[in-house]
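Novice: Below you'll find my_file23.cif; it's mmCIF, N, CA and C atoms.
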```cif
data_entry
#
loop_
_atom_site.label_atom_id
_atom_site.label_comp_id
_atom_site.auth_asym_id
_atom_site.auth_seq_id
_atom_site.Cartn_x
_atom_site.Cartn_y
_atom_site.Cartn_z
N ALA A 1 78.48 140.23 118.43
CA ALA A 1 77.46 140.35 119.46
C ALA A 1 77.48 139.12 120.38
N GLU A 2 77.75 137.96 119.80
CA GLU A 2 77.80 136.76 120.62
C GLU A 2 79.24 136.39 120.88
N GLY A 3 79.46 135.77 122.00
CA GLY A 3 80.81 135.35 122.33
C GLY A 3 80.78 134.41 123.51
N SER A 4 81.90 133.86 123.75
CA SER A 4 82.02 133.02 124.93
C SER A 4 83.29 133.40 125.67
N TRP A 5 83.30 133.05 126.90
CA TRP A 5 84.43 133.39 127.75
C TRP A 5 84.87 132.12 128.44
N GLN A 6 86.09 131.72 128.22
CA GLN A 6 86.62 130.54 128.87
C GLN A 6 87.77 130.95 129.78
N LEU A 7 87.78 130.39 130.94
CA LEU A 7 88.86 130.63 131.89
C LEU A 7 89.55 129.29 132.15
N ARG A 8 90.86 129.31 132.09
CA ARG A 8 91.62 128.09 132.38
C ARG A 8 92.64 128.40 133.47
N GLY A 9 92.80 127.44 134.36
CA GLY A 9 93.80 127.57 135.40
C GLY A 9 94.10 126.20 135.96
N VAL A 10 95.18 126.11 136.70
CA VAL A 10 95.56 124.84 137.31
C VAL A 10 95.81 125.06 138.80
N VAL A 11 95.44 124.05 139.57
CA VAL A 11 95.78 124.06 140.98
C VAL A 11 97.24 123.64 141.05
N SER A 12 98.03 124.41 141.75
CA SER A 12 99.46 124.19 141.79
C SER A 12 99.93 124.14 143.24
N HIS A 13 101.21 124.05 143.43
CA HIS A 13 101.76 124.07 144.79
C HIS A 13 101.52 125.45 145.41
N THR A 14 101.49 125.46 146.72
CA THR A 14 101.25 126.71 147.44
C THR A 14 102.48 127.59 147.37
N ARG A 15 102.25 128.86 147.11
CA ARG A 15 103.33 129.83 147.01
C ARG A 15 103.18 130.90 148.09
N TYR A 16 104.27 131.57 148.41
CA TYR A 16 104.31 132.69 149.35
C TYR A 16 103.95 132.31 150.78
N THR A 17 103.93 131.02 151.13
CA THR A 17 103.60 130.62 152.48
C THR A 17 104.79 129.95 153.15
N THR A 18 104.89 130.17 154.45
CA THR A 18 105.88 129.44 155.22
C THR A 18 105.29 128.08 155.59
N ALA A 19 106.12 127.18 156.07
CA ALA A 19 105.63 125.86 156.50
C ALA A 19 104.61 126.00 157.61
N GLN A 20 104.85 126.91 158.55
CA GLN A 20 103.93 127.11 159.66
C GLN A 20 102.58 127.64 159.15
N GLU A 21 102.60 128.61 158.24
CA GLU A 21 101.35 129.15 157.68
C GLU A 21 100.59 128.07 156.93
N LEU A 22 101.30 127.30 156.14
CA LEU A 22 100.66 126.23 155.37
C LEU A 22 100.02 125.21 156.29
N ASN A 23 100.68 124.86 157.37
CA ASN A 23 100.12 123.91 158.33
C ASN A 23 98.85 124.47 158.95
N ARG A 24 98.87 125.75 159.34
CA ARG A 24 97.67 126.38 159.91
C ARG A 24 96.54 126.42 158.90
N LEU A 25 96.85 126.78 157.66
CA LEU A 25 95.82 126.82 156.61
C LEU A 25 95.22 125.43 156.38
N ASN A 26 96.06 124.43 156.29
CA ASN A 26 95.57 123.07 156.05
C ASN A 26 94.72 122.56 157.20
N THR A 27 95.01 123.01 158.40
CA THR A 27 94.25 122.57 159.57
C THR A 27 92.83 123.12 159.59
N VAL A 28 92.65 124.36 159.13
CA VAL A 28 91.33 125.00 159.25
C VAL A 28 90.60 125.18 157.93
N SER A 29 91.22 124.88 156.82
CA SER A 29 90.56 125.09 155.53
C SER A 29 89.52 124.01 155.27
N PRO A 30 88.29 124.42 154.99
CA PRO A 30 87.25 123.44 154.71
C PRO A 30 87.33 122.94 153.27
N PRO A 31 86.70 121.82 153.00
CA PRO A 31 86.67 121.33 151.62
C PRO A 31 85.67 122.12 150.79
N LEU A 32 85.85 122.09 149.50
CA LEU A 32 84.85 122.65 148.59
C LEU A 32 83.68 121.66 148.51
N GLY A 33 82.55 122.17 148.07
CA GLY A 33 81.39 121.30 147.82
C GLY A 33 80.56 120.98 149.04
N ARG A 34 80.72 121.73 150.13
CA ARG A 34 79.88 121.48 151.31
C ARG A 34 78.43 121.81 150.96
N PRO A 35 77.48 120.98 151.40
CA PRO A 35 76.07 121.20 151.03
C PRO A 35 75.54 122.57 151.41
N GLU A 36 75.97 123.11 152.57
CA GLU A 36 75.45 124.40 153.03
C GLU A 36 76.07 125.59 152.31
N ALA A 37 77.17 125.38 151.62
CA ALA A 37 77.88 126.48 150.95
C ALA A 37 77.30 126.69 149.55
N VAL A 38 76.14 127.30 149.49
CA VAL A 38 75.45 127.50 148.22
C VAL A 38 75.83 128.81 147.53
N CYS A 39 76.58 129.66 148.23
CA CYS A 39 77.06 130.91 147.64
C CYS A 39 78.50 130.73 147.19
N ALA A 40 78.82 131.34 146.07
CA ALA A 40 80.19 131.24 145.55
C ALA A 40 80.58 132.54 144.87
N ALA A 41 81.88 132.73 144.77
CA ALA A 41 82.43 133.86 144.04
C ALA A 41 83.62 133.38 143.24
N LEU A 42 83.68 133.80 142.01
CA LEU A 42 84.84 133.56 141.15
C LEU A 42 85.41 134.94 140.86
N ILE A 43 86.67 135.14 141.27
CA ILE A 43 87.29 136.45 141.07
C ILE A 43 88.63 136.25 140.35
N PRO A 44 88.60 136.32 139.02
CA PRO A 44 89.87 136.29 138.28
C PRO A 44 90.60 137.62 138.45
N ILE A 45 91.91 137.56 138.65
CA ILE A 45 92.70 138.78 138.77
C ILE A 45 93.97 138.69 137.93
N ARG A 46 94.40 139.86 137.50
CA ARG A 46 95.69 139.98 136.80
C ARG A 46 96.51 141.03 137.55
N LYS A 47 97.75 140.67 137.84
CA LYS A 47 98.65 141.59 138.52
C LYS A 47 99.54 142.28 137.49
N SER A 48 100.15 143.37 137.93
CA SER A 48 100.94 144.23 137.05
C SER A 48 102.28 143.59 136.67
N ASP A 49 102.85 144.11 135.60
CA ASP A 49 104.20 143.69 135.22
C ASP A 49 105.20 144.03 136.33
N ALA A 50 104.97 145.13 137.03
CA ALA A 50 105.85 145.49 138.14
C ALA A 50 105.86 144.41 139.22
N TRP A 51 104.70 143.83 139.48
CA TRP A 51 104.61 142.73 140.45
C TRP A 51 105.47 141.56 140.00
N TRP A 52 105.31 141.18 138.75
CA TRP A 52 106.01 140.00 138.25
C TRP A 52 107.49 140.24 138.03
N SER A 53 107.91 141.49 137.96
CA SER A 53 109.33 141.77 137.79
C SER A 53 110.10 141.68 139.11
N MET A 54 109.38 141.64 140.21
CA MET A 54 110.02 141.48 141.52
C MET A 54 110.43 140.03 141.74
N ALA A 55 111.45 139.85 142.57
CA ALA A 55 111.83 138.51 143.00
C ALA A 55 110.74 137.97 143.93
N GLN A 56 110.66 136.65 144.04
CA GLN A 56 109.61 136.05 144.85
C GLN A 56 109.67 136.52 146.30
N ASP A 57 110.86 136.69 146.87
CA ASP A 57 110.94 137.15 148.25
C ASP A 57 110.40 138.58 148.40
N GLU A 58 110.58 139.40 147.38
CA GLU A 58 110.03 140.76 147.41
C GLU A 58 108.51 140.71 147.36
N ARG A 59 107.96 139.83 146.52
CA ARG A 59 106.50 139.68 146.46
C ARG A 59 105.96 139.16 147.79
N ARG A 60 106.68 138.24 148.41
CA ARG A 60 106.26 137.68 149.71
C ARG A 60 106.18 138.79 150.76
N VAL A 61 107.14 139.70 150.77
CA VAL A 61 107.12 140.80 151.74
C VAL A 61 105.84 141.62 151.58
N ILE A 62 105.48 141.93 150.36
CA ILE A 62 104.25 142.69 150.12
C ILE A 62 103.03 141.85 150.43
N PHE A 63 103.03 140.59 149.99
CA PHE A 63 101.90 139.68 150.15
C PHE A 63 101.54 139.46 151.62
N GLU A 64 102.54 139.14 152.43
CA GLU A 64 102.22 138.78 153.81
C GLU A 64 102.75 139.77 154.85
N GLU A 65 104.02 140.10 154.80
CA GLU A 65 104.56 140.96 155.85
C GLU A 65 103.90 142.33 155.88
N ARG A 66 103.62 142.91 154.73
CA ARG A 66 103.01 144.24 154.71
C ARG A 66 101.50 144.21 154.49
N SER A 67 101.01 143.26 153.72
CA SER A 67 99.57 143.21 153.42
C SER A 67 98.81 142.24 154.32
N GLY A 68 99.49 141.27 154.89
CA GLY A 68 98.82 140.33 155.79
C GLY A 68 97.78 139.46 155.12
N HIS A 69 98.02 139.07 153.87
CA HIS A 69 97.04 138.30 153.10
C HIS A 69 96.58 137.05 153.87
N ILE A 70 97.52 136.24 154.32
CA ILE A 70 97.17 135.01 155.03
C ILE A 70 96.58 135.35 156.39
N ALA A 71 97.23 136.23 157.12
CA ALA A 71 96.76 136.61 158.46
C ALA A 71 95.35 137.17 158.42
N LYS A 72 95.03 137.99 157.42
CA LYS A 72 93.69 138.55 157.31
C LYS A 72 92.66 137.49 156.93
N SER A 73 93.09 136.47 156.21
CA SER A 73 92.17 135.43 155.75
C SER A 73 91.84 134.40 156.83
N MET A 74 92.78 134.15 157.73
CA MET A 74 92.60 133.08 158.73
C MET A 74 91.32 133.19 159.56
N PRO A 75 90.92 134.37 160.04
CA PRO A 75 89.69 134.43 160.85
C PRO A 75 88.43 134.01 160.08
N TYR A 76 88.48 133.99 158.78
CA TYR A 76 87.31 133.67 157.96
C TYR A 76 87.21 132.17 157.64
N LEU A 77 88.21 131.43 158.05
CA LEU A 77 88.21 129.98 157.86
C LEU A 77 87.72 129.34 159.16
N PRO A 78 86.91 128.33 159.12
CA PRO A 78 86.49 127.52 157.98
C PRO A 78 85.18 127.96 157.33
N ALA A 79 84.64 129.13 157.70
CA ALA A 79 83.36 129.55 157.11
C ALA A 79 83.44 129.69 155.60
N ILE A 80 84.58 130.12 155.10
CA ILE A 80 84.76 130.35 153.66
C ILE A 80 85.79 129.37 153.13
N ALA A 81 85.39 128.59 152.15
CA ALA A 81 86.32 127.68 151.48
C ALA A 81 86.88 128.40 150.28
N ARG A 82 88.15 128.09 149.94
CA ARG A 82 88.74 128.77 148.79
C ARG A 82 89.69 127.83 148.08
N ARG A 83 89.86 128.11 146.80
CA ARG A 83 90.84 127.40 145.98
C ARG A 83 91.39 128.40 144.96
N LEU A 84 92.68 128.37 144.80
CA LEU A 84 93.35 129.25 143.86
C LEU A 84 93.81 128.44 142.66
N HIS A 85 93.49 128.93 141.48
CA HIS A 85 93.96 128.34 140.23
C HIS A 85 94.93 129.31 139.58
N HIS A 86 96.07 128.80 139.18
CA HIS A 86 97.08 129.63 138.52
C HIS A 86 96.86 129.59 137.02
N ALA A 87 96.93 130.74 136.37
CA ALA A 87 96.66 130.81 134.93
C ALA A 87 97.74 131.55 134.16
N ARG A 88 98.60 132.27 134.83
CA ARG A 88 99.61 133.09 134.16
C ARG A 88 100.49 132.27 133.23
N ASP A 89 101.00 131.14 133.72
CA ASP A 89 101.91 130.33 132.92
C ASP A 89 101.21 129.62 131.76
N LEU A 90 99.90 129.68 131.73
CA LEU A 90 99.13 129.10 130.61
C LEU A 90 98.89 130.13 129.51
N GLY A 91 99.37 131.37 129.73
CA GLY A 91 99.15 132.42 128.75
C GLY A 91 97.74 132.99 128.77
N GLU A 92 97.06 132.83 129.88
CA GLU A 92 95.68 133.30 130.00
C GLU A 92 95.65 134.80 130.33
N PRO A 93 94.51 135.45 130.14
CA PRO A 93 94.43 136.89 130.40
C PRO A 93 94.46 137.25 131.89
N PHE A 94 94.22 136.28 132.76
CA PHE A 94 94.29 136.50 134.20
C PHE A 94 95.42 135.66 134.77
N ASP A 95 96.01 136.13 135.85
CA ASP A 95 97.08 135.38 136.52
C ASP A 95 96.53 134.34 137.48
N PHE A 96 95.43 134.69 138.13
CA PHE A 96 94.84 133.81 139.14
C PHE A 96 93.33 133.77 138.96
N LEU A 97 92.76 132.62 139.21
CA LEU A 97 91.32 132.46 139.29
C LEU A 97 91.03 132.07 140.73
N THR A 98 90.43 132.95 141.47
CA THR A 98 90.16 132.67 142.87
C THR A 98 88.71 132.25 143.03
N TRP A 99 88.51 131.11 143.66
CA TRP A 99 87.19 130.53 143.82
C TRP A 99 86.88 130.42 145.32
N PHE A 100 85.72 130.90 145.72
CA PHE A 100 85.30 130.87 147.12
C PHE A 100 83.91 130.26 147.20
N GLU A 101 83.65 129.53 148.28
CA GLU A 101 82.33 128.98 148.58
C GLU A 101 82.01 129.26 150.04
N TYR A 102 80.73 129.60 150.30
CA TYR A 102 80.33 129.91 151.66
C TYR A 102 78.81 129.80 151.78
N ALA A 103 78.34 129.62 153.00
CA ALA A 103 76.90 129.55 153.28
C ALA A 103 76.33 130.97 153.30
N PRO A 104 75.04 131.12 153.03
CA PRO A 104 74.43 132.46 153.01
C PRO A 104 74.66 133.26 154.29
N GLN A 105 74.68 132.60 155.44
CA GLN A 105 74.88 133.34 156.69
C GLN A 105 76.29 133.90 156.81
N HIS A 106 77.21 133.51 155.93
CA HIS A 106 78.57 134.03 155.95
C HIS A 106 78.84 135.03 154.82
N ALA A 107 77.78 135.47 154.15
CA ALA A 107 77.95 136.41 153.03
C ALA A 107 78.56 137.73 153.49
N ASP A 108 78.13 138.25 154.63
CA ASP A 108 78.71 139.51 155.12
C ASP A 108 80.19 139.34 155.47
N ALA A 109 80.53 138.20 156.04
CA ALA A 109 81.94 137.92 156.36
C ALA A 109 82.77 137.85 155.09
N PHE A 110 82.21 137.25 154.04
CA PHE A 110 82.94 137.18 152.78
C PHE A 110 83.18 138.59 152.23
N GLU A 111 82.16 139.44 152.28
CA GLU A 111 82.32 140.82 151.80
C GLU A 111 83.39 141.55 152.60
N GLN A 112 83.43 141.32 153.89
CA GLN A 112 84.44 141.96 154.74
C GLN A 112 85.84 141.46 154.37
N LEU A 113 85.98 140.16 154.16
CA LEU A 113 87.28 139.60 153.76
C LEU A 113 87.76 140.22 152.46
N VAL A 114 86.89 140.27 151.46
CA VAL A 114 87.27 140.82 150.16
C VAL A 114 87.64 142.30 150.29
N ALA A 115 86.89 143.04 151.09
CA ALA A 115 87.20 144.46 151.29
C ALA A 115 88.56 144.64 151.96
N GLU A 116 88.88 143.81 152.94
CA GLU A 116 90.18 143.90 153.60
C GLU A 116 91.32 143.60 152.62
N LEU A 117 91.16 142.57 151.81
CA LEU A 117 92.21 142.23 150.85
C LEU A 117 92.36 143.33 149.80
N ARG A 118 91.26 143.89 149.34
CA ARG A 118 91.33 144.95 148.33
C ARG A 118 91.93 146.24 148.87
N ALA A 119 91.91 146.43 150.16
CA ALA A 119 92.49 147.63 150.77
C ALA A 119 93.98 147.48 151.06
N SER A 120 94.55 146.33 150.78
CA SER A 120 95.94 146.07 151.12
C SER A 120 96.91 146.61 150.06
N GLU A 121 98.16 146.72 150.46
CA GLU A 121 99.21 147.14 149.52
C GLU A 121 99.32 146.17 148.35
N GLU A 122 99.17 144.89 148.63
CA GLU A 122 99.24 143.89 147.56
C GLU A 122 98.26 144.21 146.44
N TRP A 123 97.06 144.65 146.80
CA TRP A 123 96.01 144.87 145.81
C TRP A 123 96.35 146.03 144.87
N ARG A 124 97.27 146.89 145.25
CA ARG A 124 97.67 147.97 144.34
C ARG A 124 98.37 147.42 143.10
N HIS A 125 98.78 146.17 143.15
CA HIS A 125 99.42 145.53 142.01
C HIS A 125 98.42 144.79 141.11
N VAL A 126 97.14 144.82 141.47
CA VAL A 126 96.10 144.19 140.66
C VAL A 126 95.69 145.17 139.57
N GLU A 127 95.85 144.77 138.32
CA GLU A 127 95.46 145.62 137.19
C GLU A 127 94.02 145.39 136.76
N ARG A 128 93.56 144.16 136.95
CA ARG A 128 92.22 143.83 136.48
C ARG A 128 91.64 142.75 137.36
N GLU A 129 90.37 142.90 137.66
CA GLU A 129 89.63 141.85 138.35
C GLU A 129 88.20 141.84 137.81
N VAL A 130 87.61 140.68 137.87
CA VAL A 130 86.20 140.52 137.55
C VAL A 130 85.59 139.77 138.72
N ASP A 131 84.54 140.30 139.29
CA ASP A 131 83.93 139.70 140.47
C ASP A 131 82.60 139.07 140.05
N ILE A 132 82.58 137.75 140.03
CA ILE A 132 81.39 137.01 139.58
C ILE A 132 80.81 136.28 140.79
N ARG A 133 79.54 136.53 141.08
CA ARG A 133 78.88 135.88 142.21
C ARG A 133 77.86 134.87 141.70
N LEU A 134 77.79 133.76 142.39
CA LEU A 134 76.91 132.67 142.00
C LEU A 134 76.17 132.14 143.22
N ARG A 135 75.04 131.53 142.97
CA ARG A 135 74.29 130.86 144.04
C ARG A 135 73.71 129.58 143.48
N ARG A 136 74.01 128.49 144.16
CA ARG A 136 73.50 127.19 143.75
C ARG A 136 72.06 127.04 144.22
N VAL A 137 71.21 126.63 143.33
CA VAL A 137 69.81 126.39 143.68
C VAL A 137 69.71 124.97 144.23
N VAL A 138 69.13 124.87 145.41
CA VAL A 138 69.00 123.54 146.04
C VAL A 138 67.57 123.09 146.07
#
```
Please render this file's structure as structure tokens.
Specialist:
Amino acid sequence: AEGSWQLRGVVSHTRYTTAQELNRLNTVSPPLGRPEAVCAALIPIRKSDAWWSMAQDERRVIFEERSGHIAKSMPYLPAIARRLHHARDLGEPFDFLTWFEYAPQHADAFEQLVAELRASEEWRHVEREVDIRLRRVV
């Protein structure tokens, strides 16, 4: 009846991005911990074995060229801060722990971003996700 749930992940080098995309992301990405960003979401996801059996360039084609993951995310920056933690290589039940922070006035924008990403071809490779929402009391 009682239990605990621990999630572990590490911040790692950026994957699936070109130098130009990374430069654009670094230019507009806000820091975590902004005082006004009292809303947060933690969304752990696990992708399919089929996803991981592809070569990295094949995953990149689905991730960006066909799904537009980075392109779809850019309009939401800097309103939404994000950090990705990798967990697959740690033997964890999720491959990624995605963390987002945003101010209450950007909650609708966050919902729109998540809906766009979930509607993409890339998301068809997600086997499991848990969507946890949090709000910091100030």
Novice: From the set A:Ile62, A:Ala81, A:Val28, A:Ala71, which residue has the shortest atom-to-atom contact distance to Trp123 (chain A), counting all atoms listed in the file?
Specialist: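 Closest candidate: A:Ile62.
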Novice: Evaluate the PyMOL selection byres ((chain A and resi 79) around 6.5) on the structure here and hand back the selected residues as a list in words.
Specialist: Tyr76, Leu77, Pro78, Ile80, Ala81, Glu101, Tyr102 and Ala103 of chain A
Novice: For the atom pair CA of Asp131 (chain A) and atom C of Leu42 (chain A), what is the interatomic distance in Å to one decimal place?
Specialist: 5.0 Å
Novice: Find the distance between atom N of Arg136 (chain A) and CA of Ala37 (chain A) and write it in Å to one decimal.
Specialist: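 Interatomic distance, atom N of Arg136 (chain A) to CA of Ala37 (chain A): 8.1 Å.
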Novice: So which one's closest to Lys72 (chain A), A:Ala19, A:Ala119, A:Ile132, A:Val11? Using only C-alpha atoms, please.
Specialist: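 Closest to Lys72 (chain A), using only C-alpha atoms: A:Ala119.
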Novice: The residues within 6.5 Å of (83.5, 133.3, 145.3), using only N, CA and C atoms and the coordinates of the file, should be reported as a ChimeraX atom specification; which are they?
Specialist: /A:39-43,98-101,132-134
Novice: Grab the atom C of Phe63 (chain A) to atom C of Asn23 (chain A) distance for me, in Å with one decimal place.
Specialist: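 These two atoms are separated by 16.9 Å.
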Novice: Pick out the residues sitting within 12 Å of region 3-9 of chain A, and hand them over as number ranges by chain; count only C-alpha atoms, and ignore anything fewer than 6 positions along from it in its own chain.
Specialist: A: 42-45, 83-99, 130
Novice: Excluding same-chain residues fewer than 5 positions from region 48-50 of chain A, what lies within 10 Å of it counting only C-alpha atoms, as a PyMOL selection string?
Specialist: chain A and resi 95+124-128
Novice: Nearest residue to Leu32 (chain A) out of A:Ser73, A:Ala55, A:Glu111, A:Arg82, using only N, CA and C atoms?
Specialist: A:Arg82
Novice: Quick one: of A:Val10, A:Glu129, A:Arg15, A:Val138, who's nearest to Glu64 (chain A), counting only C-alpha atoms?
Specialist: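 Closest to Glu64 (chain A) of all the choices is A:Arg15.
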